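Single-structure report; data block below.
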Amino acid sequence: MPLDPKYLEILSKKEWSEEDFTLLNELAQKIRDRILEVVSHNGGHLSSTLGAVELIIGMHCVFNSPKDPFIFDVSHQAYAHKLLTNRWENFESLRQINGISGFTKPSESEHDYFIAGHSSTSISLGVGVAKAFSLQGTNQIPVVLIGDGAMSAGLAYEALNELGDRKYPMVIILNDNEMSIAEPIGAISKYLSQAIAGRFTQKIKGKIENILNNMPNATYLAKRFEESLKLITPGIFFEELGLDYIGPIDGHNLKEIIKALQLAKSIQKPIVIHAQTLKGKGYPPAEGHLEQWHGVSPFDRQKGTALSKSNAKSPTQVFSQTLLEIAKEDSKVVGITAAMPSGTGLDLLIKAFPERFWDVAIAEQHATTQASSLAKEGLKPFVVIYSTFLQRAFDQIIHDVGIMKTPVKFAIDRAGIVGEDGETHQGVFDIAYLNMIPNFVLFAPRDQATLSLCVHFANHLSSAPCAFRYPRKSFKLSEGIFKATPFELGKLEILKVSQSEILLLGYGNGVGRAYECLLELEKAGVACSLVDLRFVKPLDTQGLLSLGQKYTKWFVFSDSVKIGGIGQILSAFAQEHHLNIKIHSFEFADAFIPHGKVEAIESQLGLSAPKLTQQILQHL
């Protein structure tokens, strides 16, 4: 059923009666019900978006979207925003192929100002918008909603630093769903912060500034007076950066939220509203700081349990358990992740060895650089990060690891198509951007057994930095089809030999895709050979030259972008060594990959085994 228009009409009012607030609270409950209805069926982000419902309703009450741009950090907490902007019925297609995105997406709605799937970009975007509004002479105000977790990344502070200096009008809502402030201090600071940001006190501040300008002898007393107010508020940090501060407020109290937003809007300065919220608000199983409810697969809403759960180990679990076994025997092994301890499996190691394994928060650059100095001191650091998030540390990989040639080990989780999170999360670029960096060793497993061998190989590699990648949910190649043999630096592995001129080359999870095609081709009466490339850097020069003498038609399979991917790497090798072969790559085309279930995306991209087999037969 569509949302009753009476709820949306209230958002456009300038003043609200008690009856209106009753309806607004009803609206918040209806939004939570709709989110739970859809996410329990489709999966998606849950606890963070349930906790931000009242804040988003307040934003729509006080500001005028899309005239006043709403800029969401990460934006997985923006489901309520989508539901309030003409997507109530279509919301059932959330994260499905060709459906509603799990993040803000301008192509989906004019109310979605910017696409955002990575953390800590919002304040910087807001500063850019505020500059543009200043140049254009408009009275529009960018409104930023950022979580306290996103405030652990350096980009947020770079933006705050400039904003505090230039004083562009901007409202930053700090959604604090983790920090706790003791009741007495919270009550006092709330009162004082509201007072400090109020119109009356703003006039007092202005008069103090006049005293400072015209009566230099009073500077000391005036400064001490203002600092005495700041010292007992949690907003001192923002005040010292040059931003006004309101809070902490109750992020679920609509009266309080709207009052604070109205005040912030009227001040015409950069201002931070510190709102305390509860993750998972309104759904008891998810309430509180429970990481497992951040992003969920479909679940039983009544029981709070997953609808389906595989007993098979995921690649993440295989990596984690292997590294744990190694760490028990090798005290030099250490590990770092960036705000994804359970997602990367490093939570098991942090629990077992808290002095050797660390979550450094949303700070991929810091994770990478500190790993290099750890390696320089003789330790064996594993940096465990999703492929999409490792992109944030590109300069550090070059400057602090590659040039120094420190033996940092990058374990790249979520490589390839990850599915419903879409363009911002597909892990398809790491091969292309890491291959061009000197001194690196790049390799990949084809199944669970070889993933375990990858971890052992990386641990013993002391001459160079290295990186190995593995998929999110499962390998395409079933366990035990091919015997797992230890990795040997720069050596490929021939898995099946035929007398045909056709060669299928797979890298990482691409080996499984190649094997699926091999079976389909055999059904069609076409024989071919299969090779696991294993290493993309260094390449197996002698092995590839030998293959070039036997096979003239190479088909390449890898979960990577085509530009800079395995196909182009092998084509450059063939050209350099004058090999008379034809290479065709089945890697991803030059376009961002949309959201949807992995199987549906692969089918849409023509990457299912039957479709790939048809393409191979056409080429032949």
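Naming works like this for the structure tokens: A, B, ... for the chains as they're shown, residue 1 at the start of each chain, ligands 1 onward in shown order.
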Checklist entry - Hey, what's within 8 Å of Ile583 in chain A if we count only C-alpha atoms and toss same-chain stuff fewer than 3 positions away? As a PyMOL selection string, please? => result chain A and resi 553-556+567+570-571
Checklist entry - So which residues touch range 158-162 of chain A within 10 Å, counting only C-alpha atoms, skipping near sequence neighbours fewer than 4 positions away, as a list in words? => result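 Everything that qualifies: Ser120, Thr121, Ser122, Ile123, Ser124, Leu125, Gly126, Val127, Gly128, Ala153, Gly154, Arg166, Lys167, Tyr168, Phe238, Leu241, Gly242, Leu243 and Pro270 of chain A.
When CA of Gln77 in chain A is paired with CA of Ser48 in chain A, their separation reads 5.4 Å.
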Next on the checklist: Env of Gly251 in chain A: 6 Å cut, atoms = only C-alpha atoms, seq-sep filter 5 positions within chain, self excluded. Answer as a list in words.
Outcome noted: Ala275, Gln276 and Thr277 of chain A
Output all heavy atoms for every residue in that selection, as a tab-separated table (two decimals), in the first residue's frame.
chain	number	residue	atom	x	y	z
A	275	ALA	N	23.69	14.26	17.64
A	275	ALA	CA	22.48	13.52	17.99
A	275	ALA	C	22.83	12.11	18.43
A	275	ALA	O	23.53	11.39	17.72
A	275	ALA	CB	21.53	13.48	16.80
A	276	GLN	N	22.35	11.72	19.57
A	276	GLN	CA	22.58	10.37	20.06
A	276	GLN	C	21.41	9.48	19.66
A	276	GLN	O	20.24	9.80	19.93
A	276	GLN	CB	22.74	10.36	21.58
A	276	GLN	CG	24.05	11.01	22.02
A	276	GLN	CD	24.21	10.94	23.53
A	276	GLN	OE1	23.44	11.54	24.27
A	276	GLN	NE2	25.21	10.21	23.97
A	277	THR	N	21.71	8.37	19.01
A	277	THR	CA	20.68	7.46	18.53
A	277	THR	C	21.02	6.03	18.94
A	277	THR	O	22.14	5.74	19.36
A	277	THR	CB	20.54	7.52	17.00
A	277	THR	OG1	21.79	7.16	16.40
A	277	THR	CG2	20.13	8.90	16.54
Checklist outcome for this item: Among A:Pro142, A:Pro285, A:Gly419, A:Pro354, Gly596 in chain A is approached most closely, using only C-alpha atoms, by A:Gly419
Item to check | Long-range neighbours of range 506-510 of chain A as number ranges by chain, 10 Å cut-off, only C-alpha atoms, 4 positions minimum in chain | outcome: A: 415-416, 443-447, 450-451, 468-471, 474-477, 492, 514-516, 530-536, 555-560, 566, 586-587
Within 10 Å of range 253-264 of chain A, which residues of range 1-28 of chain A come that close, and what is the closest atom pair and distance in Å for each? Count only C-alpha atoms and give it as CSV.
residue,atom,partner,partner_atom,distance
A:Lys14,CA,A:Gln262,CA,9.8
A:Glu15,CA,A:Ile258,CA,9.8
A:Trp16,CA,A:Lys255,CA,9.0
A:Glu18,CA,A:Lys255,CA,9.6
A:Phe21,CA,A:Leu254,CA,7.3
A:Thr22,CA,A:Leu254,CA,9.8
A:Leu24,CA,A:Leu254,CA,7.8
A:Asn25,CA,A:Leu254,CA,7.6
A:Ala28,CA,A:Leu254,CA,9.6
Just the residues within 8 Å of Pro438 in chain A, please, counting only C-alpha atoms, with nothing from its chain fewer than 3 positions along; format it as an mmCIF file with all heavy atoms, in the first residue's frame.
data_model
loop_
_atom_site.group_PDB
_atom_site.id
_atom_site.type_symbol
_atom_site.label_atom_id
_atom_site.label_comp_id
_atom_site.auth_asym_id
_atom_site.auth_seq_id
_atom_site.Cartn_x
_atom_site.Cartn_y
_atom_site.Cartn_z
ATOM 1 N N GLY A 402 55.338 -0.028 -1.739
ATOM 2 C CA GLY A 402 56.003 -0.419 -2.982
ATOM 3 C C GLY A 402 57.426 0.094 -3.097
ATOM 4 O O GLY A 402 58.355 -0.673 -3.364
ATOM 5 N N ILE A 403 57.608 1.378 -2.889
ATOM 6 C CA ILE A 403 58.949 1.961 -3.020
ATOM 7 C C ILE A 403 59.900 1.384 -1.972
ATOM 8 O O ILE A 403 61.057 1.076 -2.261
ATOM 9 C CB ILE A 403 58.877 3.500 -2.902
ATOM 10 C CG1 ILE A 403 58.110 4.088 -4.101
ATOM 11 C CG2 ILE A 403 60.281 4.111 -2.826
ATOM 12 C CD1 ILE A 403 57.872 5.584 -4.016
ATOM 13 N N ASN A 435 48.917 -4.219 -10.255
ATOM 14 C CA ASN A 435 49.880 -4.791 -11.199
ATOM 15 C C ASN A 435 50.895 -3.778 -11.693
ATOM 16 O O ASN A 435 52.031 -4.132 -12.003
ATOM 17 C CB ASN A 435 49.133 -5.403 -12.389
ATOM 18 C CG ASN A 435 50.072 -6.044 -13.379
ATOM 19 O OD1 ASN A 435 50.756 -7.017 -13.089
ATOM 20 N ND2 ASN A 435 50.132 -5.482 -14.583
#
Checklist entry - Skipping near chain neighbours, those fewer than 3 positions away, what residues fall within 6 Å of range 51-59 of chain A using only C-alpha atoms, listed as a ChimeraX atom specification? => result /A:48,62-63,80,252,258,277-281
Next on the checklist: Set the distance at 12 Å and use only C-alpha atoms: which residues neighbour Gly44 in chain A once local chain neighbours fewer than 4 positions away are removed? I'd like the list as a PyMOL selection string.
Outcome noted: chain A and resi 35-40+48-50+76-79+91-96+100-103+292-299+419-422+595-597
Item to check | Residues of range 25-104 of chain A in helix (DSSP H, G or I), written as a PyMOL selection string | outcome: chain A and resi 25-42+47-51+53-62+79-83+90-93
Next on the checklist: Which of range 322-541 of chain A end up as strand (DSSP E or B) when DSSP is run on this backbone - answer as a VMD selection string?
Outcome noted: chain A and resid 333 to 337 357 to 359 380 to 386 409 to 413 416 427 441 to 443 466 to 469 493 to 496 502 to 506 529 to 532 535 to 537
Next on the checklist: Restricting the calculation to only C-alpha atoms: of A:Thr316, A:Ser500, A:Ser119, A:Thr344, which residue gets closest to Glu522 in chain A?
Outcome noted: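 Closest candidate: A:Ser500.
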Item to check | Selected residue of minimal separation from Lys105 in chain A among A:Asn459, A:Gln615, A:Gln29, A:Thr424, counting only C-alpha atoms | outcome: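 Ranking A:Asn459, A:Gln615, A:Gln29, A:Thr424 by distance to Lys105 in chain A, first place goes to A:Thr424.
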Checklist entry - Using only C-alpha atoms, which of the listed residues (A:Leu617, A:Cys528, A:Ile267, A:Val144) sits closest to Pro69 in chain A? => result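 With only C-alpha atoms as the atom set, the closest residue is A:Val144.
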